[in-house]
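Chemist: Structure file run.txt (compact mmCIF, C-alpha atoms) is given on the next line.
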```
# COMPACT_ATOMS: atom_id res chain seq x y z
CA MET A 1 80.94 48.92 127.65
CA ALA A 2 78.83 48.50 124.49
CA ASP A 3 78.84 52.25 123.91
CA HIS A 4 82.59 52.39 124.37
CA SER A 5 83.23 49.57 121.86
CA GLY A 6 80.85 51.24 119.40
CA ASP A 7 82.74 54.50 119.63
CA GLU A 8 86.01 52.68 119.00
CA LYS A 9 84.56 51.01 115.89
CA GLU A 10 83.29 54.34 114.55
CA SER A 11 86.67 56.02 115.10
CA ALA A 12 88.44 53.14 113.34
CA VAL A 13 86.05 53.39 110.39
CA ASP A 14 86.56 57.16 110.23
CA SER A 15 90.35 56.80 110.23
CA VAL A 16 90.18 54.23 107.41
CA MET A 17 87.93 56.53 105.38
CA GLU A 18 90.29 59.44 105.93
CA LYS A 19 93.28 57.39 104.68
CA ILE A 20 91.35 56.30 101.58
CA THR A 21 90.34 59.91 100.87
CA GLU A 22 93.90 61.16 101.30
CA LYS A 23 95.15 58.47 98.94
CA PHE A 24 92.68 59.45 96.23
CA HIS A 25 93.48 63.14 96.63
CA GLY A 26 97.21 62.41 96.48
CA ASP A 27 96.80 60.42 93.27
CA ASP A 28 94.71 63.23 91.77
CA SER A 29 97.31 65.83 92.68
CA LEU A 30 100.10 63.69 91.23
CA SER A 31 98.17 63.07 88.03
CA SER A 32 97.28 66.75 87.71
CA SER A 33 100.89 67.76 88.28
CA ASP A 34 102.04 65.21 85.70
CA SER A 35 99.50 66.49 83.19
CA ASP A 36 100.59 70.06 83.88
CA ASP A 37 104.20 69.07 83.32
CA GLU A 38 103.25 67.44 80.04
CA LYS A 39 101.25 70.45 78.88
CA SER A 40 103.67 73.16 79.94
CA PRO A 41 107.09 72.84 78.23
CA SER A 42 110.17 73.33 80.31
CA PRO A 43 112.09 76.60 80.02
CA SER A 44 115.10 74.74 78.63
CA SER A 45 113.04 73.32 75.73
CA VAL A 46 111.58 76.74 75.00
CA LYS A 47 115.03 78.27 75.09
CA ALA A 48 116.36 75.58 72.76
CA LYS A 49 113.77 76.50 70.13
CA VAL A 50 114.85 80.15 70.01
CA TYR A 51 116.82 80.93 66.85
CA ARG A 52 120.07 82.82 67.27
CA LEU A 53 122.05 84.47 64.51
CA PHE A 54 124.76 82.20 63.01
CA GLY A 55 123.49 79.39 65.27
CA ARG A 56 125.30 80.75 68.30
CA GLU A 57 124.62 79.27 71.73
CA LYS A 58 126.86 81.55 73.80
CA PRO A 59 126.41 85.24 74.68
CA VAL A 60 127.82 87.82 72.28
CA HIS A 61 130.63 88.60 74.70
CA LYS A 62 131.79 84.97 74.69
CA VAL A 63 131.46 84.71 70.91
CA LEU A 64 133.83 87.67 70.52
CA GLY A 65 136.42 85.87 72.62
CA GLY A 66 135.73 87.49 75.99
CA GLY A 67 138.27 89.55 77.89
CA LYS A 68 139.32 93.10 77.13
CA PRO A 69 138.93 92.93 73.30
CA ALA A 70 135.27 91.93 73.68
CA ASP A 71 134.77 94.66 76.30
CA VAL A 72 136.12 97.23 73.84
CA LEU A 73 133.96 95.99 70.97
CA LEU A 74 130.83 95.93 73.13
CA TRP A 75 131.58 99.32 74.74
CA ARG A 76 131.74 97.95 78.28
CA GLY A 77 134.29 100.70 78.95
CA LYS A 78 132.98 103.71 77.05
CA LYS A 79 136.12 105.80 77.51
CA ILE A 80 138.43 103.12 76.12
CA SER A 81 136.12 102.22 73.23
CA GLY A 82 135.55 105.87 72.40
CA GLY A 83 139.29 106.50 72.51
CA VAL A 84 139.99 103.60 70.13
CA VAL A 85 137.38 104.80 67.64
CA GLY A 86 138.62 108.38 68.03
CA VAL A 87 142.22 107.41 67.27
CA ALA A 88 141.11 105.41 64.23
CA THR A 89 139.04 108.37 63.02
CA ALA A 90 141.99 110.75 63.51
CA ILE A 91 144.27 108.42 61.53
CA TRP A 92 141.72 108.17 58.71
CA VAL A 93 141.23 111.94 58.59
CA LEU A 94 144.99 112.49 58.67
CA PHE A 95 145.79 110.12 55.82
CA GLU A 96 142.63 110.35 53.73
CA LEU A 97 141.40 113.93 54.03
CA VAL A 98 144.62 115.77 54.85
CA GLU A 99 146.53 113.36 52.56
CA TYR A 100 149.39 112.94 55.00
CA HIS A 101 151.82 110.13 54.19
CA LEU A 102 152.62 107.28 56.55
CA LEU A 103 156.39 107.48 56.16
CA SER A 104 156.39 111.22 56.84
CA LEU A 105 154.20 110.76 59.91
CA VAL A 106 156.45 108.05 61.37
CA CYS A 107 159.58 110.13 60.76
CA HIS A 108 158.08 113.27 62.31
CA ILE A 109 156.89 111.36 65.38
CA LEU A 110 160.35 109.83 65.84
CA ILE A 111 162.05 113.22 65.38
CA LEU A 112 159.79 114.85 67.97
CA THR A 113 160.18 111.99 70.47
CA LEU A 114 163.96 111.80 70.16
CA ALA A 115 164.34 115.59 70.40
CA ILE A 116 162.24 115.76 73.58
CA LEU A 117 164.11 112.88 75.24
CA PHE A 118 167.53 114.21 74.20
CA LEU A 119 166.84 117.71 75.53
CA TRP A 120 165.31 116.34 78.72
CA SER A 121 168.32 114.08 79.37
CA ASN A 122 170.80 116.94 78.89
CA ALA A 123 168.77 119.56 80.75
CA SER A 124 168.23 117.33 83.79
CA THR A 125 171.73 118.17 85.10
CA PHE A 126 170.99 121.91 85.05
CA ILE A 127 167.56 121.79 86.63
CA ASN A 128 168.58 119.22 89.30
CA LYS A 129 166.05 116.62 88.24
CA SER A 130 166.41 112.98 87.38
CA PRO A 131 166.74 112.10 83.70
CA PRO A 132 163.87 110.31 81.97
CA GLU A 133 163.64 106.59 82.51
CA ILE A 134 163.70 105.06 79.04
CA PRO A 135 162.46 101.46 79.19
CA ASP A 136 164.45 98.69 77.61
CA VAL A 137 161.97 97.37 75.06
CA ALA A 138 162.70 94.06 73.39
CA ILE A 139 160.43 91.76 71.40
CA SER A 140 160.52 88.24 72.77
CA ASP A 141 160.78 85.12 70.65
CA ASP A 142 157.45 83.81 71.93
CA ILE A 143 155.54 86.79 70.55
CA VAL A 144 157.19 86.52 67.13
CA LEU A 145 156.69 82.75 66.98
CA GLY A 146 153.06 83.11 68.04
CA ILE A 147 152.32 85.66 65.33
CA VAL A 148 154.13 83.63 62.68
CA SER A 149 152.33 80.45 63.76
CA ALA A 150 148.92 82.14 63.57
CA LEU A 151 149.73 83.52 60.12
CA ARG A 152 150.95 80.11 58.99
CA ILE A 153 147.69 78.45 60.04
CA GLU A 154 145.55 81.02 58.23
CA ILE A 155 147.69 80.93 55.07
CA ASN A 156 147.57 77.12 54.98
CA ARG A 157 143.81 77.21 55.44
CA ALA A 158 143.43 79.69 52.57
CA LEU A 159 145.69 77.57 50.34
CA SER A 160 143.65 74.48 51.17
CA VAL A 161 140.41 76.24 50.23
CA PHE A 162 142.02 77.51 47.01
CA ARG A 163 143.16 73.97 46.15
CA ASP A 164 139.68 72.52 46.73
CA ILE A 165 138.12 75.19 44.53
CA ALA A 166 140.73 74.90 41.78
CA SER A 167 140.36 71.10 41.66
CA GLY A 168 136.66 71.46 40.91
CA ARG A 169 135.43 69.44 43.86
CA ASP A 170 133.14 71.97 45.53
CA PHE A 171 131.05 74.07 43.15
CA LYS A 172 129.12 75.78 45.94
CA LYS A 173 132.31 77.01 47.57
CA PHE A 174 133.48 78.18 44.14
CA ILE A 175 130.33 80.27 43.72
CA TYR A 176 130.68 81.77 47.22
CA VAL A 177 134.33 82.73 46.74
CA ILE A 178 133.77 84.20 43.27
CA ALA A 179 130.79 86.22 44.52
CA GLY A 180 132.77 87.45 47.53
CA LEU A 181 135.77 88.48 45.44
CA TRP A 182 133.55 90.21 42.90
CA LEU A 183 131.75 92.12 45.66
CA LEU A 184 135.08 93.09 47.19
CA SER A 185 136.31 94.36 43.83
CA VAL A 186 133.18 96.47 43.43
CA VAL A 187 133.67 97.98 46.88
CA GLY A 188 137.34 98.55 46.01
CA ASN A 189 136.27 100.73 43.09
CA TRP A 190 134.26 102.93 45.42
CA CYS A 191 136.99 103.56 48.00
CA ASN A 192 140.63 102.80 48.66
CA PHE A 193 142.02 100.27 51.11
CA LEU A 194 142.38 102.72 54.00
CA THR A 195 138.77 103.88 53.76
CA LEU A 196 137.56 100.29 53.46
CA PHE A 197 139.62 99.30 56.49
CA TYR A 198 138.24 102.24 58.47
CA ILE A 199 134.64 101.37 57.52
CA CYS A 200 135.17 97.76 58.63
CA PHE A 201 136.78 98.99 61.85
CA VAL A 202 133.82 101.25 62.66
CA LEU A 203 131.31 98.51 61.81
CA LEU A 204 133.20 96.12 64.06
CA HIS A 205 132.76 98.59 66.94
CA THR A 206 129.08 99.34 66.26
CA LEU A 207 127.29 96.25 64.91
CA PRO A 208 128.11 93.86 67.81
CA VAL A 209 126.91 96.29 70.49
CA LEU A 210 123.76 97.11 68.51
CA TYR A 211 123.07 93.41 67.98
CA GLU A 212 123.58 92.65 71.65
CA LYS A 213 121.08 95.39 72.53
CA TYR A 214 118.42 94.41 69.97
CA GLU A 215 119.11 90.69 69.51
CA ASP A 216 115.51 89.71 70.40
CA ARG A 217 114.31 91.76 67.41
CA VAL A 218 117.13 90.90 65.02
CA ASP A 219 117.09 87.11 65.46
CA PRO A 220 113.48 86.57 64.23
CA LEU A 221 114.17 88.73 61.16
CA ALA A 222 117.39 86.84 60.52
CA GLU A 223 115.53 83.54 60.82
CA LYS A 224 113.00 84.63 58.20
CA ALA A 225 115.74 85.89 55.90
CA LEU A 226 117.68 82.61 56.27
CA ALA A 227 114.57 80.57 55.50
CA GLU A 228 113.90 82.65 52.39
CA PHE A 229 117.54 82.32 51.30
CA LYS A 230 117.41 78.53 51.69
CA LYS A 231 114.20 78.44 49.69
CA GLN A 232 115.66 80.47 46.84
CA TYR A 233 118.90 78.49 46.93
CA ALA A 234 116.97 75.21 46.71
CA VAL A 235 115.23 76.50 43.57
CA PHE A 236 118.55 77.62 42.11
CA ASP A 237 120.14 74.29 42.98
CA ALA A 238 117.32 72.34 41.35
CA LYS A 239 117.28 74.42 38.17
CA VAL A 240 120.96 75.24 37.67
CA LEU A 241 123.49 73.54 39.96
CA SER A 242 122.07 70.03 39.71
CA LYS A 243 122.34 70.14 35.90
CA ILE A 244 126.07 70.96 35.90
CA PRO A 245 128.28 67.85 35.59
CA MET A 246 130.72 67.80 38.50
CA LYS A 247 133.86 65.83 39.13
CA ASP A 248 133.55 63.09 41.72
CA LYS A 249 134.84 64.18 45.12
CA LYS A 250 136.49 60.80 45.77
CA LEU A 251 139.30 60.68 43.27
CA ALA A 252 141.16 57.47 42.71
```
Please rewrite the model in this file as structure tokens.

Modeler:
Amino acid sequence: MADHSGDEKESAVDSVMEKITEKFHGDDSLSSSDSDDEKSPSPSSVKAKVYRLFGREKPVHKVLGGGKPADVLLWRGKKISGGVVGVATAIWVLFELVEYHLLSLVCHILILTLAILFLWSNASTFINKSPPEIPDVAISDDIVLGIVSALRIEINRALSVFRDIASGRDFKKFIYVIAGLWLLSVVGNWCNFLTLFYICFVLLHTLPVLYEKYEDRVDPLAEKALAEFKKQYAVFDAKVLSKIPMKDKKLA
């Protein structure tokens, strides 16, 4: 009986010791996990520190508006994007290199189209085939109103910016607009409007897809360039802009 009671006491002591040991080990594991969490930053915080061009937070496809236009600009459908660039190149070659005129081109296309449809409609009775189905095309009021509304918003925005600049309230915006217009006039001396439009069109179909492909290399360089620009602008602001007397923004 004494041996049996002694064994029970030893087993009870062992169980208590095991519980105490497990408790200490559990606290150590929790503390180590907490320290690891404190040392290792979360992926979201690391991702938040990554600089993106123009401060964007969405993918390039979403920034471009998504849908089919973004697919064309990012060459998601190579045949469609290549066709769009090919048509633009053909138009530029036709008007710029061949020196074809827009009015002549439109008239010749209409002459050819009407001649083909007229001959097809009259010849269908002789060859026992159905005449061509010419669709009834009509521009709806919603499309016209949408285009006019979009143009109205942009024109009002441009007039508002022009008014702010002309009133002398924002000298920085004045410098930006003058520099942009001067640069545009310099480019206009190099090429005409059609060539400039074609260059912008090609850049619009090449730069976004190249940036999407090499954004991890471009963003650090853009961050350094932006930091250098802010540094130089701060020096220019301290030496030049701050010494120019400006009208108070809050007018009575």

Chemist: Could you jot down the atom CA of Gln232 of chain A to atom CA of Asp219 of chain A separation for me, Å, one decimal place?

Modeler: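 Computed distance, atom CA of Gln232 of chain A to atom CA of Asp219 of chain A, equals 19.8 Å.
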
Chemist: Calculate how many Å separate atom CA of Val186 of chain A from atom CA of Cys200 of chain A, rounding to one decimal.

Modeler: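 Interatomic distance here is 15.4 Å.
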
Chemist: Would you please work out which residue, of A:Phe229, A:Ile143, A:Leu241, A:Val235, is nearest to Ile175 of chain A when using only C-alpha atoms?

Modeler: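 That would be A:Leu241, the residue with the smallest distance to Ile175 of chain A.
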
Chemist: Rounded to one decimal in Å, what is the spacing between atom CA of Asp237 of chain A and atom CA of Tyr176 of chain A?

Modeler: 13.6 Å

Chemist: As a VMD selection string, please: the residues near Val202 of chain A (cut-off 10 Å, all atoms listed in the file, same-chain neighbours under 3 positions excluded).

Modeler: chain A and resid 73 84 to 85 88 to 89 196 to 199 205 to 207

Chemist: List as a ChimeraX atom specification the residues having at least one atom at most 12 Å from position (133.5, 95.3, 78.6) as given in the file, counting all atoms listed in the file.

Modeler: /A:60-62,64-81,209

Chemist: Can you spit out the residues from that selection as a PDB file, in the coordinates of the input, using C-alpha atoms?

Modeler:
```
ATOM      1  CA  VAL A  60     127.820  87.820  72.280  1.00  0.00           C
ATOM      2  CA  HIS A  61     130.630  88.600  74.700  1.00  0.00           C
ATOM      3  CA  LYS A  62     131.790  84.970  74.690  1.00  0.00           C
ATOM      4  CA  LEU A  64     133.830  87.670  70.520  1.00  0.00           C
ATOM      5  CA  GLY A  65     136.420  85.870  72.620  1.00  0.00           C
ATOM      6  CA  GLY A  66     135.730  87.490  75.990  1.00  0.00           C
ATOM      7  CA  GLY A  67     138.270  89.550  77.890  1.00  0.00           C
ATOM      8  CA  LYS A  68     139.320  93.100  77.130  1.00  0.00           C
ATOM      9  CA  PRO A  69     138.930  92.930  73.300  1.00  0.00           C
ATOM     10  CA  ALA A  70     135.270  91.930  73.680  1.00  0.00           C
ATOM     11  CA  ASP A  71     134.770  94.660  76.300  1.00  0.00           C
ATOM     12  CA  VAL A  72     136.120  97.230  73.840  1.00  0.00           C
ATOM     13  CA  LEU A  73     133.960  95.990  70.970  1.00  0.00           C
ATOM     14  CA  LEU A  74     130.830  95.930  73.130  1.00  0.00           C
ATOM     15  CA  TRP A  75     131.580  99.320  74.740  1.00  0.00           C
ATOM     16  CA  ARG A  76     131.740  97.950  78.280  1.00  0.00           C
ATOM     17  CA  GLY A  77     134.290 100.700  78.950  1.00  0.00           C
ATOM     18  CA  LYS A  78     132.980 103.710  77.050  1.00  0.00           C
ATOM     19  CA  LYS A  79     136.120 105.800  77.510  1.00  0.00           C
ATOM     20  CA  ILE A  80     138.430 103.120  76.120  1.00  0.00           C
ATOM     21  CA  SER A  81     136.120 102.220  73.230  1.00  0.00           C
ATOM     22  CA  VAL A 209     126.910  96.290  70.490  1.00  0.00           C
TER      23      VAL A 209
END
```

Chemist: May I have the residues within 8 Å of segment 95-101 of chain A as a PyMOL selection string, using only C-alpha atoms and disregarding those fewer than 3 positions away in the same chain?

Modeler: chain A and resi 91-92+104-105+194-195

Chemist: If you keep C-alpha atoms, can you produce a file of those selected residues as a PDB file, keeping the file's coordinate frame?

Modeler:
```pdb
ATOM      1  CA  ILE A  91     144.270 108.420  61.530  1.00  0.00           C
ATOM      2  CA  TRP A  92     141.720 108.170  58.710  1.00  0.00           C
ATOM      3  CA  SER A 104     156.390 111.220  56.840  1.00  0.00           C
ATOM      4  CA  LEU A 105     154.200 110.760  59.910  1.00  0.00           C
ATOM      5  CA  LEU A 194     142.380 102.720  54.000  1.00  0.00           C
ATOM      6  CA  THR A 195     138.770 103.880  53.760  1.00  0.00           C
TER       7      THR A 195
END
```

Chemist: Using only C-alpha atoms, which residues sit within 12 Å of segment 126-141 of chain A once same-chain residues fewer than 5 positions away are excluded, as a PyMOL selection string?

Modeler: chain A and resi 113-114+116-121+146-149

Chemist: My list of candidates is A:Ile111, A:Val240, A:Leu210, A:Leu151. Which is closest to Phe171 of chain A when distances are computed with only C-alpha atoms?

Modeler: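 Using only C-alpha atoms, Phe171 of chain A sits closest to A:Val240.
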